[in-house]
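Structure first, commentary second.
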Amino acid sequence: MGKHVTLNVDGQSHELDLADPTTPLLYLLRDELGLNNPHFGCGLSQCGACTVHVNGTPMRSCVLPAAAADGATITTLAGIGTAEHPHPVQQAFIDEQAFFCGYCMNGWVMTAVALVKEKPRATDAEIREAFSGLKCRCGSHMSIIRAVKRLTEAA
Amino acid sequence: MNAIMLSRRKALCAGGALVISFATAGCSSSQTAAATGIGGDTKPKLRPDQLDSWIAVRKDGSVIGYFGKVDVGLGIQVAIAQIIADELDVKFSDVSVVMGDTATTVNQGGASGSTGLERGGVSVRNAAAQARTSLLMLAADKFGTTPDKLTVDNGVVTVAGNTGQSVSYGELIGGRYFDVTLDWNKKIGNELLVQGTAKPKDHADYKIVGKSVPRADIANKLFGAEVFNTDMRVPGMLHGRMVRPTVAGASVVKIHPESIASLPDVQIVHQGNLVGVVAPKEWTAVKAARMLKVDWSSPPPAFPHQADLYKAMQAAKPVGKGGPKAKGDPKAVMAASAKTIDATYLWPFQSHASMGPACTIVDVQPDHVTVWTGDQKPHYVRDGVAALLNMKPEQVHAIWLRGPGSYGRNDGGDSAMDAAVLSKAVGKPVRLQYMRADGTAWNPKGPASVHKVSAGIDANNNVVAYHYHSTAFSREDIASHPDDPTQSLAGQFMGMPVVSKAVFDVPGETYDFGAEHLNWDVVPALLDRASPLRTSHLRDPLGPQINFASECFMDELAYATNMDPVAFRVKYLNDKRGVAAIEAAAKAANWQPRTPKTGKPQGAVLKGRGIAFARRKDTRVAVIVDVEVDRHTGRVWPRHWFVAHDCGLVVNPDALKLVIEGNILHATSRALLEEVKFNPHMVTSVDWLSYPILDIKDAPETINITLLNHPDDMPRGAGEPSSRPVASAIANAVFDATGVRFRQAPLTKDRVKAALI
Ligand code: FES
Ligand code: FES
C-alpha cells in the first residue's frame, strides 16, 4: 500500500508518495530526494554513517521507516551550515583537519551538533560517552575529540 | 545526474580539485614553439613518457597535475599539489590534482604499499621540474635570452633585472600542450618512473613542501559537497544487490523466482554460482536480495572449528616456502648455547570491513564500458573489468571517486566485477552497493599466521642465534590488484580457474645476533574458490603479524638476558636510523630502564609501558605505549602513545601526524578486538556486532609524535608503517603491567581476563 508523506528536509518541504512504506528514510533521502548525505554504512543501526536529525534529535536513518518520519523536520549534514556560514562544529572539524575518508562523518558531526547544544561544556568523558557506538574505520577519533574540545573548552 | 554536476561545480568553487576537463585553445603554433620544439595544439596520447600526461597549464595560469594514484583519505592529494607547486614555482592555490581517472592519468598503481610519495610523487616531481624547464625555454626564446637569465615567481617568468620583460605560464602555453617526451622506465604501476632532463629542486629551495597545508576535501565533505562513489547517479541506472551462499563452497541447486513475485520489476541474474538481483528502486533490490529463495548444495565443511585453526595450519602440507634470510648456522650455535628460549605467536584472520561496503556503478555498452569506482586501484579495476568482459582495456573507462577508506584489497575490486556482470546481463547501467555482510564476511581477509621464534643465549647473556619461522596463509591467495577476473568473487563463482600464489615474508627489522635463519611456509587456503576466508593485502600486509611475533620476542629476549627492552634493541639493532627512532621515542616518553614484574599483580587497574620498533622498507617507527589493564574486566586501554617516525623528507607535517594517529588507532583496533569468526560452514563475522572495532571510549588519551625529518632524503612511505609495531608494543606493555605474556592476538577482554584470574 502506498503512503503519502510530508517532510521538511534542510528547510525545504517535500510531498512524496511512497510506493513501499517500509522504505527506510535513508533511501528516501538519497534516492527520492537525491541527497548525497547521509551514507549507507551498515543498514543495521550499528555505525552512524546515516545519521540525520529528526526534529532535532540524531537518528539513524537506515532503520527508520520513512513513513514514521511523516511530518518531521529533517536536518542533514548539508543543512547545518555552508562554506560561507559554517556551523561552529563544521568549522572546528575543518580547523582540526579531522577525518580521513570522511565516509563516517555524518554520525560524528550530527552527534557533535546535538552534543554541543545540549552540553556546551562537555567533559572528555561526556564527549566519549556521547560518541560511543559510532564507528570510524580509519581511526579519526583523536582529531574528532580535539575538534569538539575546541568548542567545549572555549564555552 | 543533476546532483552530481552541482556538487562538482561546488567542489570547484570551494577550491576542490575535482576537475573534469579543460578546453583546448585553438591557438596556432607560435614562433617560440618552432625555436624550442616545445608546444603543440593536440594532446599527445596518454602515455607515461609524455609530459602532457602529467602536467597541464590552463590559459589562466592554473596548473593541473594528473596523478595515477589516488587519495584514500590520507591526504596525499595535498602533498602532490605541494610538490607540483614547489617545482613549478606557482601558487599552491593554483594547482589542482586529478586522480585515478584512466582517461587522463597513467597507471601509477593506485594507492598501494605506502608508495604514494616515495614512488608516485617522484614521477610527479620529475615531470613538474621538466615542465618548469620547458616553460623557461619558451620564455627564453620569447625574450631572446637563455633560461639561466630568467626567474620565476608565482607562475610569472621575468628576465632577471628587467621587470618589464615578463610573461606568465598561462601566456606561454596556457591551453596548449608541451609535447615533450620524458624518459620512462617502461614499467607501469608502483614501479613506474619518469624523468626528464631537468633536475628537480634542491630541498633547501622548497617553499611549500614541508609546510602543513590543509586538505581541501575535508571542508567539502563537511559541507556535504564532496561526491563519493556511492553518490554517483547515471541516467537510466538500476540498483543491484548480490545473493551469496549461506554455506561456503555451496553451489546453486535451484532459484525460486516466485519468492520475490511480490516485488516490482526485479530481474534475477544467475551465472554459475553467482546470483544477483537488479531493480529500479534501491530498496526493492535490497529486499529482493533478502527475500530471494535459493536452494544451495550442502558441501562438506570447508573450515575447521575456529578453536582448531592454528593446529590445522601447522598440520597442513605447505604449498610454498620462502625467505630464507640466513646467516651462519643458528641451529648449531643454538645447540651449543648456554640457554635457549622459544615462543609461539598467533595472529587471526582480519577483515577490512571498510566503513561503507563497496559500491561500483558499471555501464556496459556494446563496445564501451564506464566504471565509477571507489576502489584504490582504478587502473587495475579497468583492466579487470575489460578481461572479464573480453574487451580491450582501452574500451573501458574507469573513473575513480572517493570511497570509504580502504586499506589494501578490500571488497572494491570484487564489486566492480559483480557490477559488470549485472550491467551486462540487464543491458543497463547498474549501481551495485554491497550490504554490510558483503563488506565484512565476504571481502578478502588479512591472513592468519603462526610464528615460532627461538634464540640461543651464550654464557655472557649475549644473544648469539635467532630463528624465526612463520606458518601462514598467503598474502596473495587473491592477488592484490583487482585486474584479473580469476582473482575475483565473480570469476570464482562463475567457475573460472583458480590461480593462487604462495607469498609471505620475514621481519624487516635488522637485529644482528650473529647466526640467524628467518623463513616461512604458506599453507593452502581452506577453501580454494570463492572463499569468504580468501586472503590478500590488508594494511601493511603481513607487517603487524610478523612484527607482533618478532618484537614481542625481542622483549622476551631482553628480559631473558637481563636487559632493558630499549637498551636491548639499541644494542642489537644494526640500523642507525632505527636506533635514532628508538632513542627519540624513549626520550619523548622519558623511558626508565625496566625489569620484569614479579609476583601476582595487585590492584584493580594495572599499569605498564612497552616499546616496539618497526622497519618497513626505508621507514622506521618506534612506539612506546602506556597501558592500563583492568584485571576484573580484562579491558586493555592503551592510554598514552609516544611515536618517533622517520619517513625521510616530510612533505606535510600536520597531515603526516594525522596519518600516524590513524594508523595507531586502526592498528590498536586490530590488536585488541579484531578476529574474524567462523564455524566449519561459514564466516560468522558479518557486521559490527560480530566484528567489533575500537570504540571511542577506548581511544587513547594522547599520542605524542616526534617526526624525524630527513630533508636530504626522499619522502618515504607513511601510509602503513606506523600500523606495524602497535600490537607488539601493546602486548609488551601488558606484560610490563601484569607479568603475563600474551602471544595470541587480539588481546580481547575475555582472553586477558582469563589469563589474569
Ligand atoms: S548505516 Fe545506519 S547506522 Fe550504519
Ligand atoms: S574517516 Fe574513514 S571511516 Fe571515518
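The way I read the labels, and the way they are meant: chains A, B, ... in the order of the C-alpha cells, residue 1 as the first residue of every chain, and ligand 1 as the first ligand shown, with later ones counted on from there.
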Q.
What's around Thr36 in chain B at 10 Å? Count only C-alpha atoms, leave out sequence neighbours fewer than 6 positions away in its own chain, and write the answer as a ChimeraX atom specification.
A. /B:134,137-141
Q: Write out as a ChimeraX atom specification all residues of range 13-160 of chain B that backbone DSSP assigns to alpha helix (DSSP H).
A: /B:13,31-36,76-88,122-143
**Q.** Within 8 Å of chain B: residues of chain A, using only C-alpha atoms, as a VMD selection string
**A.** chain A and resid 23 27 31 34 to 37 39 to 43 46 to 47 77 to 78 81 to 83 90 93 to 94 97 to 105 128 to 129 131 to 143
(Q) as a PyMOL selection string, please: the residues near range 147-158 of chain B (cut-off 6 Å, only C-alpha atoms, same-chain neighbours under 2 positions excluded). (A) chain B and resi 89-91+136-137+140+160+165-169
Q | Option closest in space to ligand 2, from A:Val52, A:Ala67, A:Val109, A:Cys62 [counting only C-alpha atoms and all ligand atoms] | A | A:Val109
Q. Mind pulling up the distance from CA of Leu388 in chain B to CA of Gly189 in chain B?
A.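 One can read the CA of Gly189 in chain B to CA of Leu388 in chain B distance as 20.2 Å.
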Q. Which one is closest to ligand 1: A:His14, A:Lys149, A:Arg60, A:Arg30? Count only C-alpha atoms and all ligand atoms.
A.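 Answer, going by the shortest atom-to-atom distance: A:Arg60.
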Q: Could you give me, as a ChimeraX atom specification, the residues within 12 Å of range 245-254 of chain B, counting only C-alpha atoms and dropping anything in the same chain fewer than 4 positions from it?
A: /B:258-259,270-276,289-290,292-303,437-438,441-442,489,492-495,526-534,678-684,686
Q. Given the choices A:Ile144, A:Ala122, A:Val9, A:Ala154, which gets closest to ligand 2 if the distance is worked out from only C-alpha atoms and all ligand atoms?
A.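 Smallest separation from ligand 2 among the options: A:Ile144.
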Q | Among the residues A:Ser45, A:Asn106, A:Ser13, A:Thr73, the one that comes closest to ligand 2 [using only C-alpha atoms and all ligand atoms] | A | A:Asn106
Q: Could you tell me how far CA of Ser488 in chain B lies from CA of Met417 in chain B, in Å and to one decimal?
A: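 For CA of Ser488 in chain B relative to CA of Met417 in chain B, the distance reads 7.1 Å.
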Q: One decimal, Å: what's the distance from CA of Ile255 in chain B over to CA of Leu422 in chain B, could you say?
A: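 Answer for the CA of Ile255 in chain B to CA of Leu422 in chain B separation: 16.7 Å.
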Q.
Could you check the closest approach to Leu26 in chain A for each of A:Ile145, A:Leu7, A:Met59, A:Cys50 and tell me which residue wins, using only C-alpha atoms?
A. A:Cys50
**Q.** Polymer residues at most 9 Å from Met110 in chain A, only C-alpha atoms, same-chain spacing of 4 or more positions, as a ChimeraX atom specification
**A.** /A:51-53,57-58,75-77,80,89,105-106,114-115
